[in-house]
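Student: Submitted below is the structure of interest, expressed as structure tokens.
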There are 2 protein chains.
Amino acid sequence: MDASRFSDLHITQRVLLGPGPSMVEGRVLAAQSMPVTGHLDPDYLKVMADVQDLLRYTFQTDNEVTISLSGTGTTGMEAGVSNFVEPGDNVLVAIIGYFGMRIAEMAERYGGNVDRIEKPWGEAFSPDEIEAALAKKDYKLLAVVHGETSTGVCQPEIKAIADAAHKHGALLLLDTVASLGGVPVEVDAWGVDICYSGSQKALSAPPGLAPITVSPRAWEALQNRATKVTNWYLDLNLLMDYWGEPHKYHHTAPVSANYALREALRITAEEGLENRFVRHAEMAEMLYEGLTNLDLPPLVPPALRLKTLTTPRLPEGMNEAAIRGMLRDLYSIEIAGGFGPLAGKIWRIGLMGYSARRENVRLLLAALDDLLG
Amino acid sequence: MDASRFSDLHITQRVLLGPGPSMVEGRVLAAQSMPVTGHLDPDYLKVMADVQDLLRYTFQTDNEVTISLSGTGTTGMEAGVSNFVEPGDNVLVAIIGYFGMRIAEMAERYGGNVDRIEKPWGEAFSPDEIEAALAKKDYKLLAVVHGETSTGVCQPEIKAIADAAHKHGALLLLDTVASLGGVPVEVDAWGVDICYSGSQKALSAPPGLAPITVSPRAWEALQNRATKVTNWYLDLNLLMDYWGEPHKYHHTAPVSANYALREALRITAEEGLENRFVRHAEMAEMLYEGLTNLDLPPLVPPALRLKTLTTPRLPEGMNEAAIRGMLRDLYSIEIAGGFGPLAGKIWRIGLMGYSARRENVRLLLAALDDLLG
């Protein structure tokens with residue numbers, strides 16, 4: 001083969017304001033490029049222990065079972081479903097957008113008897129609505145999406161929802177892919193049993209890892225399964241033998257990605273979760289105000305807004321894809337369109353992690369002013 | 001939390017001569033740290049197309065379905081099994097070591113009716129032995145490990161084995177995690193239907209991605225499944241909608257890892273596969289000779305040796321773990337012990353990709369001479 005067909009890698013520096021990946025600090029990229037070492041090297045076991053400690057801080061939990069899975073955020077969802085749904089288990093999924101639909105689809109693939117309750121895209125459930133559904137059947141698992149990336153809604157009152165689940169004997173699985181590190185996620189205080197996220201959103205590490213944490217109650221349920229976990233790669237029993245003693249080989253860990261995640265989590269700890277939530281909220285407020293001034297008001301009512309992802313409503317007839325193309329080609333800014341029932345009707349603008357900076361918000365608003373003005 | 005508990009990342013530079021990960025060139029680490037971009041950015045779509053082209057070269061195939069999976073080498077195995085084994089399918093696994101056992105275990109988890117044929121660790125099958133087993137039942141899939149990392153055996157005569165599988169109506173799944181890029185793997189010429197590998201061995205990219213290629217015959221079998229693929233993350237139907245047109249979102253691709261894989265594959269193409277195979281063979285010969293002089297002769301007979309992974313037989317009563325510890329702590333060299341029936345009886349010494357260099361072989365032999373002499 002003529003290898004000269006393949007040039008040096010060229011990647012345009014983008015201002016990443018889509019629904020993820022978010023921008024990654026130089027410190028994190030530098031950590032990612034430290035020498036590759038063995039997945040059982042003492043240096044790497046230390047990295048794993050640090051990642052676990054820092055994830056416990058970030059998830060606000062004392063759960064022993066707190067690790068990063070060796071795949072993208074979607075593996076968090078798949079691990080949550082495959083470990084806790086056995087063939088024949090009753091599963092209730094509260095759907096407020098695309099990612100809830102995906103959980104339901106996965107749970108069916110693993111043999112669950114899935115019931116769905118749904119809200120129109122852009123809305124959220126009250127705890128009472130969820131409790132009413134829980135009361136109808138013996139569910140093993142209730143699945144809820146905290147930050148719905150397809151709509152920009154943050155499902156509120158997770159604690160009340162967890163209480164309802166437990167009252168009815170169900171475990172609560174919570175998707176925090178788009179929220180962890182940007183808005184409060186209090187795994188222990190809320191009583192969440194299985195909680196997962198992705199490395200590439202408000203944590204601002206590169207995509208490729210899925211943090212997950214599992215409560216003692218959920219761990220016990222896992223030990224009481226009648227069948228083996230179908231998904232060998234994501235079987236938490238096997239994974240914990242590697243992450244904990246005896247550090248038994250399971251798969252060759254993505255060491256570079258975990259170097260990067262450790263550094264991104266260290267930055268999170270240095271900033272402090274509270275400061276980080278304030279920063280995300282302030283940047284979101286600045287964006288809401290600017291968008292409203294451009295006649296692009298947020299779709300979602302204030303109380304339900306996901307601070308990390310804003311979804312302005314677009315005027316009818318706007319060629320929104322063309323404007324996104326100009327944002328990219330003229331200003332090197334990435335934002336995303338809507339999809340499903342919101343295709344063409346909204347944009348999805350992420351202010352996540354290292355992307356959530358004043359200069360990025362101001363640039364986006366100025367660019368939109370140029371293009372729409 | 002007191003973030004000062006977590007120091008700057010410290011990773012000791014190791015000479016990685018275990019069964020993987022192998023050492024990674026600076027060019028590849030530099031590529032990995034290019035700016036993160038969106039998984040649908042035009043620059044990234046170009047990266048994906050290049051990765052596909054370069055993987056076709058490396059696998060020696062024209063298969064359209066040739067991609068990198070967003071997980072470690074184990075996801076290659078899991079994708080191969082989960083896409084091509086439906087509940088009730090008859091599966092034959094030819095086991096020459098640990099990784100064949102793992103395939104069988106996975107196939108059972110996905111509902112396959114699994115038959116195993118086994119050889120003692122350190123041996124391989126003849127095509128006739130495999131054909132005799134294939135003749136006993138209608139198998140949908142025959143699974144074979146090409147380079148068995150647990151023993152250092154390279155299963156020969158894959159073309160004859162593929163012919164036997166096809167004669168009996170079975171697909172051939174081949175594990176090339178430890179062989180691809182280091183010894184010949186001729187997917188099309190041999191007639192392999194499903195072939196996967198890992199990024200972190202003879203390809204010398206960081207761990208975290210699993211190259212896979214699927215023949216048109218296997219793709220047709222996938223289209224004829226009666227049930228959906230249980231594993232949503234690794235469902236090749238969904239993945240191909242992202243890798244090919246319409247580039248539909250499936251998961252947020254690990255862009256940094258694919259930058260690195262592209263660069264590692266580019267290095268492979270620049271060197272040329274034939275030169276690469278010669279280099280691996282020469283370095284292996286140098287190692288065999290040096291080990292034999294140290295009274296540590298290879299376990300595996302010459303015709304079956306996997307050039308990328310050498311398994312010297314250890315004298316009885318040797319405290320092999322202590323010597324590996326000294327290699328690591330005094331010389332910063334990583335090699336691995338044996339496990340299963342070969343625990344304490346062999347070492348596993350990898351000369352893979354960028355690790356397969358004269359200076360590394362010479363250093364290891366000199367260090368062993370110091371410690372054993």
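Identifiers in this document derive from the order of the structure tokens: chains are assigned A, B, ..., residues are numbered from 1 separately in each chain, and ligands are numbered from 1 in order of occurrence.
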Please identify the helix (DSSP H, G or I) residues within region 174-272 of chain B (assignment by DSSP from backbone atoms) and present them as a ChimeraX atom specification.
Tutor: /B:187-190,216-223,236-243,255-271
Student: Output the selection as a compact mmCIF listing (two decimals), in the first residue's frame - C-alpha atoms for each residue.
Tutor:
# COMPACT_ATOMS: atom_id res chain seq x y z
CA VAL B 187 -8.52 -12.62 6.09
CA ASP B 188 -9.64 -12.87 2.46
CA ALA B 189 -7.09 -15.38 1.20
CA TRP B 190 -7.78 -17.69 4.10
CA PRO B 216 -20.12 -10.65 3.18
CA ARG B 217 -21.15 -14.22 4.06
CA ALA B 218 -21.15 -13.41 7.77
CA TRP B 219 -22.93 -10.12 7.18
CA GLU B 220 -25.70 -12.01 5.38
CA ALA B 221 -25.98 -14.38 8.35
CA LEU B 222 -26.33 -11.34 10.60
CA GLN B 223 -29.16 -10.01 8.44
CA LEU B 236 -22.88 -4.28 14.12
CA ASN B 237 -26.04 -3.23 12.29
CA LEU B 238 -26.23 -0.07 14.38
CA LEU B 239 -22.48 0.47 14.26
CA MET B 240 -22.39 0.33 10.47
CA ASP B 241 -25.05 3.05 10.28
CA TYR B 242 -22.55 5.25 12.10
CA TRP B 243 -19.33 4.17 10.35
CA VAL B 255 -11.99 10.13 19.12
CA SER B 256 -8.58 10.35 20.85
CA ALA B 257 -8.15 6.59 20.75
CA ASN B 258 -8.97 6.53 17.05
CA TYR B 259 -6.48 9.32 16.33
CA ALA B 260 -3.88 7.08 17.96
CA LEU B 261 -5.00 3.95 16.13
CA ARG B 262 -4.90 5.76 12.80
CA GLU B 263 -1.32 6.85 13.46
CA ALA B 264 -0.26 3.38 14.59
CA LEU B 265 -1.80 1.86 11.46
CA ARG B 266 -0.11 4.50 9.34
CA ILE B 267 3.22 3.45 10.83
CA THR B 268 2.33 -0.16 9.99
CA ALA B 269 1.62 0.81 6.38
CA GLU B 270 4.83 2.84 6.14
CA GLU B 271 6.89 -0.09 7.38
Student: What are the DSSP strand (DSSP E) residues of region 76-255 of chain B, as a VMD selection string?
Tutor: chain B and resid 90 to 95 113 to 118 141 to 145 147 to 148 153 to 154 171 to 175 194 to 196 210 to 214
Student: After a least-squares superposition on chain A over all sequentially paired C-alpha atoms, what is chain B as a short mmCIF file (atom, residue, chain, number, x, y, z; two decimals) with C-alpha atoms, in the first residue's frame?
Tutor:
data_model
loop_
_atom_site.label_atom_id
_atom_site.label_comp_id
_atom_site.auth_asym_id
_atom_site.auth_seq_id
_atom_site.Cartn_x
_atom_site.Cartn_y
_atom_site.Cartn_z
CA MET B 1 -0.01 0.01 0.01
CA ASP B 2 1.10 3.57 -0.66
CA ALA B 3 1.26 4.92 2.88
CA SER B 4 1.85 8.45 1.60
CA ARG B 5 -1.87 8.58 0.81
CA PHE B 6 -2.36 9.18 4.53
CA SER B 7 -1.24 12.61 5.65
CA ASP B 8 -0.23 13.68 9.12
CA LEU B 9 -3.31 13.86 11.28
CA HIS B 10 -5.10 17.16 10.88
CA ILE B 11 -7.77 18.13 13.42
CA THR B 12 -9.26 21.60 13.37
CA GLN B 13 -9.48 23.17 16.81
CA ARG B 14 -13.20 23.55 17.49
CA VAL B 15 -15.11 25.39 20.16
CA LEU B 16 -17.17 22.40 21.21
CA LEU B 17 -20.63 23.58 22.27
CA GLY B 18 -22.61 20.52 21.24
CA PRO B 19 -24.03 17.82 23.50
CA GLY B 20 -20.57 16.27 23.89
CA PRO B 21 -17.74 15.73 23.59
CA SER B 22 -16.83 18.92 25.41
CA MET B 23 -13.45 20.62 25.22
CA VAL B 24 -10.53 19.02 27.01
CA GLU B 25 -7.89 20.99 28.91
CA GLY B 26 -4.25 20.71 27.91
CA ARG B 27 -3.42 19.20 31.30
CA VAL B 28 -5.78 16.32 30.56
CA LEU B 29 -4.40 15.73 27.06
CA ALA B 30 -0.88 15.82 28.49
CA ALA B 31 -1.78 13.21 31.10
CA GLN B 32 -3.35 11.07 28.39
CA SER B 33 -0.03 10.96 26.58
CA MET B 34 2.09 9.76 29.46
CA PRO B 35 3.83 6.48 28.59
CA VAL B 36 1.54 3.49 28.24
CA THR B 37 2.14 1.04 31.05
CA GLY B 38 0.86 -2.40 31.97
CA HIS B 39 -2.69 -2.76 33.26
CA LEU B 40 -1.31 -4.46 36.40
CA ASP B 41 1.70 -2.18 36.92
CA PRO B 42 1.88 -0.67 40.43
CA ASP B 43 1.73 2.81 38.89
CA TYR B 44 -1.48 1.89 37.10
CA LEU B 45 -3.08 0.28 40.16
CA LYS B 46 -2.50 3.65 41.83
CA VAL B 47 -4.24 5.39 38.93
CA MET B 48 -7.21 3.06 39.34
CA ALA B 49 -7.43 3.70 43.08
CA ASP B 50 -7.31 7.46 42.47
CA VAL B 51 -9.99 7.24 39.79
CA GLN B 52 -12.21 5.37 42.23
CA ASP B 53 -11.66 7.90 45.02
CA LEU B 54 -12.25 10.85 42.74
CA LEU B 55 -15.36 9.28 41.22
CA ARG B 56 -16.79 8.72 44.71
CA TYR B 57 -16.29 12.42 45.38
CA THR B 58 -17.90 13.35 42.06
CA PHE B 59 -20.87 11.00 42.47
CA GLN B 60 -21.14 12.04 46.16
CA THR B 61 -21.16 8.44 47.31
CA ASP B 62 -19.38 6.01 49.55
CA ASN B 63 -20.24 3.06 47.30
CA GLU B 64 -17.37 0.60 47.14
CA VAL B 65 -18.43 -0.40 43.64
CA THR B 66 -17.39 2.78 41.86
CA ILE B 67 -15.28 2.42 38.72
CA SER B 68 -14.87 3.56 35.14
CA LEU B 69 -16.06 1.13 32.48
CA SER B 70 -13.84 0.62 29.44
CA GLY B 71 -16.23 2.02 26.87
CA THR B 72 -18.16 5.19 26.12
CA GLY B 73 -21.10 6.48 28.16
CA THR B 74 -23.35 4.02 26.38
CA THR B 75 -21.54 1.17 28.13
CA GLY B 76 -22.67 2.73 31.39
CA MET B 77 -26.23 2.31 30.26
CA GLU B 78 -25.55 -1.17 28.92
CA ALA B 79 -23.81 -2.24 32.14
CA GLY B 80 -26.66 -0.86 34.23
CA VAL B 81 -29.20 -2.76 32.18
CA SER B 82 -27.31 -6.00 31.59
CA ASN B 83 -26.25 -6.50 35.21
CA PHE B 84 -29.62 -5.67 36.74
CA VAL B 85 -32.13 -6.99 34.21
CA GLU B 86 -32.54 -10.74 33.89
CA PRO B 87 -34.88 -12.43 31.44
CA GLY B 88 -38.39 -12.08 32.82
CA ASP B 89 -37.65 -9.17 35.19
CA ASN B 90 -40.24 -6.41 35.29
CA VAL B 91 -38.69 -3.07 34.38
CA LEU B 92 -40.31 0.37 34.39
CA VAL B 93 -38.72 3.07 32.24
CA ALA B 94 -39.75 6.70 32.66
CA ILE B 95 -39.16 8.25 29.24
CA ILE B 96 -38.72 11.99 28.70
CA GLY B 97 -36.67 11.75 25.49
CA TYR B 98 -34.42 9.60 23.35
CA PHE B 99 -32.14 8.19 26.03
CA GLY B 100 -35.02 6.78 28.05
CA MET B 101 -36.21 5.06 24.89
CA ARG B 102 -32.74 3.60 24.48
CA ILE B 103 -32.76 2.18 28.02
CA ALA B 104 -36.12 0.53 27.32
CA GLU B 105 -34.80 -0.93 24.07
CA MET B 106 -31.72 -2.35 25.82
CA ALA B 107 -33.77 -3.79 28.68
CA GLU B 108 -35.96 -5.62 26.16
CA ARG B 109 -32.90 -7.00 24.40
CA TYR B 110 -31.72 -8.46 27.72
CA GLY B 111 -35.08 -10.14 28.20
CA GLY B 112 -36.82 -7.70 30.53
CA ASN B 113 -40.60 -7.24 30.59
CA VAL B 114 -40.51 -3.53 29.96
CA ASP B 115 -43.27 -1.04 30.72
CA ARG B 116 -42.85 2.52 29.49
CA ILE B 117 -44.36 5.70 30.80
CA GLU B 118 -43.76 8.71 28.60
CA LYS B 119 -43.86 12.49 28.65
CA PRO B 120 -43.77 14.76 25.61
CA TRP B 121 -40.20 15.76 24.74
CA GLY B 122 -39.35 18.86 26.74
CA GLU B 123 -41.27 17.89 29.89
CA ALA B 124 -40.50 15.85 33.02
CA PHE B 125 -42.33 13.60 35.49
CA SER B 126 -43.62 14.40 38.94
CA PRO B 127 -42.71 11.81 41.60
CA ASP B 128 -46.42 11.10 41.99
CA GLU B 129 -46.75 10.13 38.34
CA ILE B 130 -43.85 7.72 38.69
CA GLU B 131 -45.14 6.30 41.95
CA ALA B 132 -48.54 5.67 40.39
CA ALA B 133 -46.85 3.58 37.71
CA LEU B 134 -44.67 1.76 40.24
CA ALA B 135 -47.78 0.73 42.18
CA LYS B 136 -49.19 -1.24 39.26
CA LYS B 137 -46.76 -4.15 39.19
CA ASP B 138 -43.79 -5.59 41.07
CA TYR B 139 -40.88 -3.94 39.31
CA LYS B 140 -37.31 -4.97 39.92
CA LEU B 141 -35.91 -1.83 38.34
CA LEU B 142 -37.04 1.72 37.66
CA ALA B 143 -34.92 3.56 35.07
CA VAL B 144 -34.82 7.35 34.88
CA VAL B 145 -32.71 9.78 32.86
CA HIS B 146 -31.50 12.72 34.92
CA GLY B 147 -30.18 14.99 32.16
CA GLU B 148 -31.98 14.20 28.89
CA THR B 149 -29.54 15.17 26.14
CA SER B 150 -32.22 15.01 23.45
CA THR B 151 -34.38 17.72 25.05
CA GLY B 152 -32.33 19.71 27.56
CA VAL B 153 -34.55 18.68 30.46
CA CYS B 154 -33.21 17.87 33.93
CA GLN B 155 -35.60 15.49 35.67
CA PRO B 156 -36.14 17.02 39.14
CA GLU B 157 -36.89 15.42 42.51
CA ILE B 158 -34.75 12.35 42.12
CA LYS B 159 -34.76 11.78 45.88
CA ALA B 160 -38.56 11.54 45.94
CA ILE B 161 -38.43 9.21 42.94
CA ALA B 162 -35.83 7.01 44.65
CA ASP B 163 -37.98 6.88 47.78
CA ALA B 164 -40.95 5.80 45.69
CA ALA B 165 -38.90 3.10 43.97
CA HIS B 166 -37.66 1.71 47.27
CA LYS B 167 -41.12 1.84 48.84
CA HIS B 168 -42.28 -0.40 46.01
CA GLY B 169 -39.28 -2.70 46.15
CA ALA B 170 -37.56 -1.48 42.98
CA LEU B 171 -33.99 -0.38 42.38
CA LEU B 172 -33.43 3.05 40.84
CA LEU B 173 -31.13 3.27 37.84
CA LEU B 174 -30.22 6.87 36.97
CA ASP B 175 -28.55 8.09 33.77
CA THR B 176 -26.33 11.08 34.56
CA VAL B 177 -24.33 11.09 31.33
CA ALA B 178 -25.18 14.74 30.65
CA SER B 179 -25.37 15.97 34.23
CA LEU B 180 -22.55 14.53 36.37
CA GLY B 181 -19.96 17.19 37.17
CA GLY B 182 -22.12 20.04 35.87
CA VAL B 183 -25.21 19.98 38.08
CA PRO B 184 -25.77 18.32 41.48
CA VAL B 185 -25.86 14.52 41.46
CA GLU B 186 -26.10 13.19 45.03
CA VAL B 187 -26.04 9.43 44.72
CA ASP B 188 -26.12 8.59 48.44
CA ALA B 189 -28.30 11.43 49.67
CA TRP B 190 -30.86 10.77 46.99
CA GLY B 191 -30.69 6.98 47.28
CA VAL B 192 -29.75 6.16 43.70
CA ASP B 193 -28.86 2.48 43.28
CA ILE B 194 -27.14 2.40 39.91
CA CYS B 195 -25.74 5.62 38.48
CA TYR B 196 -23.58 6.01 35.38
CA SER B 197 -22.14 8.78 33.29
CA GLY B 198 -19.71 9.46 30.43
CA SER B 199 -16.21 10.90 30.52
CA GLN B 200 -16.78 13.39 27.72
CA LYS B 201 -19.46 15.80 28.93
CA ALA B 202 -19.33 17.86 32.12
CA LEU B 203 -16.23 15.94 33.27
CA SER B 204 -14.33 17.12 30.16
CA ALA B 205 -12.17 14.08 29.60
CA PRO B 206 -12.02 12.59 26.09
CA PRO B 207 -14.85 10.21 25.20
CA GLY B 208 -14.21 6.54 25.87
CA LEU B 209 -14.96 5.81 29.52
CA ALA B 210 -18.16 5.40 31.52
CA PRO B 211 -18.05 6.08 35.27
CA ILE B 212 -20.51 3.93 37.20
CA THR B 213 -21.41 3.47 40.85
CA VAL B 214 -23.57 0.76 42.44
CA SER B 215 -25.22 0.81 45.87
CA PRO B 216 -24.87 -2.08 48.34
CA ARG B 217 -28.57 -2.84 47.78
CA ALA B 218 -28.04 -3.16 44.03
CA TRP B 219 -24.88 -5.19 44.53
CA GLU B 220 -26.87 -7.65 46.65
CA ALA B 221 -29.46 -7.91 43.88
CA LEU B 222 -26.64 -8.69 41.46
CA GLN B 223 -25.40 -11.48 43.73
CA ASN B 224 -28.91 -12.92 43.81
CA ARG B 225 -29.31 -13.27 40.04
CA ALA B 226 -30.46 -16.66 38.86
CA THR B 227 -28.45 -16.40 35.62
CA LYS B 228 -25.02 -15.14 34.65
CA VAL B 229 -24.80 -11.64 33.21
CA THR B 230 -25.11 -12.12 29.45
CA ASN B 231 -22.62 -9.35 28.73
CA TRP B 232 -19.23 -10.74 29.75
CA TYR B 233 -17.29 -7.53 29.08
CA LEU B 234 -19.52 -5.49 31.37
CA ASP B 235 -20.17 -8.14 34.05
CA LEU B 236 -19.60 -6.14 37.23
CA ASN B 237 -18.69 -9.26 39.21
CA LEU B 238 -15.72 -9.87 36.93
CA LEU B 239 -14.85 -6.18 36.73
CA MET B 240 -14.70 -5.82 40.51
CA ASP B 241 -12.21 -8.70 40.71
CA TYR B 242 -9.94 -6.55 38.56
CA TRP B 243 -10.62 -3.13 40.14
CA GLY B 244 -10.38 -4.53 43.65
CA GLU B 245 -8.33 -7.33 45.14
CA PRO B 246 -7.09 -9.70 43.77
CA HIS B 247 -6.70 -7.41 40.72
CA LYS B 248 -7.40 -10.38 38.52
CA TYR B 249 -6.99 -9.86 34.78
CA HIS B 250 -10.27 -9.33 32.99
CA HIS B 251 -9.43 -7.16 29.97
CA THR B 252 -6.49 -4.94 29.08
CA ALA B 253 -7.55 -1.63 30.58
CA PRO B 254 -7.51 1.51 28.42
CA VAL B 255 -4.71 3.03 30.46
CA SER B 256 -4.32 6.28 28.48
CA ALA B 257 -8.02 7.06 28.80
CA ASN B 258 -7.87 6.49 32.55
CA TYR B 259 -4.83 8.76 32.89
CA ALA B 260 -6.95 11.44 31.23
CA LEU B 261 -10.02 10.74 33.35
CA ARG B 262 -7.97 10.90 36.53
CA GLU B 263 -6.62 14.31 35.53
CA ALA B 264 -10.07 15.60 34.57
CA LEU B 265 -11.48 14.42 37.90
CA ARG B 266 -8.55 16.01 39.70
CA ILE B 267 -9.42 19.31 38.04
CA THR B 268 -13.02 18.81 39.19
CA ALA B 269 -11.85 18.25 42.77
CA GLU B 270 -9.54 21.28 42.63
CA GLU B 271 -12.36 23.51 41.45
CA GLY B 272 -14.75 21.87 43.91
CA LEU B 273 -18.16 20.52 43.00
CA GLU B 274 -20.06 23.49 44.43
CA ASN B 275 -17.99 26.02 42.49
CA ARG B 276 -18.40 23.91 39.42
CA PHE B 277 -22.17 23.85 39.71
CA VAL B 278 -22.21 27.63 40.20
CA ARG B 279 -20.05 28.14 37.12
CA HIS B 280 -22.28 25.94 34.97
CA ALA B 281 -25.39 27.74 36.24
CA GLU B 282 -23.90 31.19 35.58
CA MET B 283 -22.79 30.31 32.08
CA ALA B 284 -26.20 28.83 31.35
CA GLU B 285 -27.95 31.99 32.58
CA MET B 286 -25.74 34.10 30.33
CA LEU B 287 -26.65 31.87 27.42
CA TYR B 288 -30.40 31.96 28.18
CA GLU B 289 -30.35 35.74 28.24
CA GLY B 290 -28.37 36.05 25.04
CA LEU B 291 -30.52 33.55 23.19
CA THR B 292 -33.71 35.21 24.34
CA ASN B 293 -32.39 38.52 23.01
CA LEU B 294 -31.89 36.79 19.67
CA ASP B 295 -35.50 35.53 19.74
CA LEU B 296 -34.32 32.00 20.38
CA PRO B 297 -35.82 31.36 23.82
CA PRO B 298 -35.18 28.08 25.60
CA LEU B 299 -37.73 25.35 24.92
CA VAL B 300 -37.65 24.11 28.50
CA PRO B 301 -39.34 25.98 31.37
CA PRO B 302 -36.83 27.42 33.87
CA ALA B 303 -37.44 24.88 36.63
CA LEU B 304 -36.67 21.94 34.35
CA ARG B 305 -33.64 23.27 32.50
CA LEU B 306 -30.51 21.15 32.33
CA LYS B 307 -27.77 23.75 32.89
CA THR B 308 -25.26 21.77 30.87
CA LEU B 309 -27.41 21.63 27.73
CA THR B 310 -29.64 24.40 26.42
CA THR B 311 -32.23 23.87 23.71
CA PRO B 312 -33.37 27.12 22.08
CA ARG B 313 -36.60 26.97 20.16
CA LEU B 314 -36.04 27.93 16.51
CA PRO B 315 -38.37 30.05 14.40
CA GLU B 316 -40.37 28.11 11.81
CA GLY B 317 -38.83 27.94 8.39
CA MET B 318 -35.28 28.68 9.56
CA ASN B 319 -32.63 26.71 7.65
CA GLU B 320 -31.05 25.69 10.91
CA ALA B 321 -28.61 23.20 9.39
CA ALA B 322 -27.14 25.92 7.17
CA ILE B 323 -26.57 28.15 10.18
CA ARG B 324 -24.90 25.35 12.09
CA GLY B 325 -22.71 24.78 9.04
CA MET B 326 -21.68 28.43 9.01
CA LEU B 327 -20.99 28.38 12.74
CA ARG B 328 -18.66 25.47 12.10
CA ASP B 329 -17.00 26.67 8.91
CA LEU B 330 -16.71 30.39 9.68
CA TYR B 331 -16.29 30.38 13.47
CA SER B 332 -15.16 26.80 14.17
CA ILE B 333 -18.01 26.37 16.67
CA GLU B 334 -19.85 23.07 17.01
CA ILE B 335 -23.46 23.01 18.16
CA ALA B 336 -26.00 20.28 17.38
CA GLY B 337 -29.49 20.09 15.93
CA GLY B 338 -32.49 18.43 17.44
CA PHE B 339 -33.70 14.99 16.44
CA GLY B 340 -36.80 12.84 16.71
CA PRO B 341 -39.88 15.02 17.35
CA LEU B 342 -37.62 18.03 17.89
CA ALA B 343 -35.71 17.77 14.58
CA GLY B 344 -35.52 21.22 12.99
CA LYS B 345 -37.28 22.77 15.98
CA ILE B 346 -34.40 23.23 18.44
CA TRP B 347 -30.66 23.43 18.67
CA ARG B 348 -28.71 21.64 21.37
CA ILE B 349 -26.03 23.86 22.88
CA GLY B 350 -23.76 22.31 25.45
CA LEU B 351 -21.90 24.27 28.10
CA MET B 352 -20.18 21.37 29.75
CA GLY B 353 -17.00 21.18 31.78
CA TYR B 354 -14.14 23.09 30.16
CA SER B 355 -16.49 24.30 27.41
CA ALA B 356 -18.55 26.22 30.00
CA ARG B 357 -16.49 29.41 29.84
CA ARG B 358 -17.54 33.01 29.40
CA GLU B 359 -15.45 33.44 26.24
CA ASN B 360 -17.23 30.56 24.57
CA VAL B 361 -20.71 31.79 25.44
CA ARG B 362 -19.86 35.31 24.28
CA LEU B 363 -18.35 34.05 21.03
CA LEU B 364 -21.35 31.90 20.23
CA LEU B 365 -23.79 34.73 20.89
CA ALA B 366 -21.72 37.15 18.79
CA ALA B 367 -21.49 34.66 15.94
CA LEU B 368 -25.24 34.02 16.04
CA ASP B 369 -25.81 37.77 16.04
CA ASP B 370 -23.67 38.03 12.89
CA LEU B 371 -25.49 35.20 11.15
CA LEU B 372 -29.05 35.98 12.21
CA GLY B 373 -28.89 39.74 12.61
#
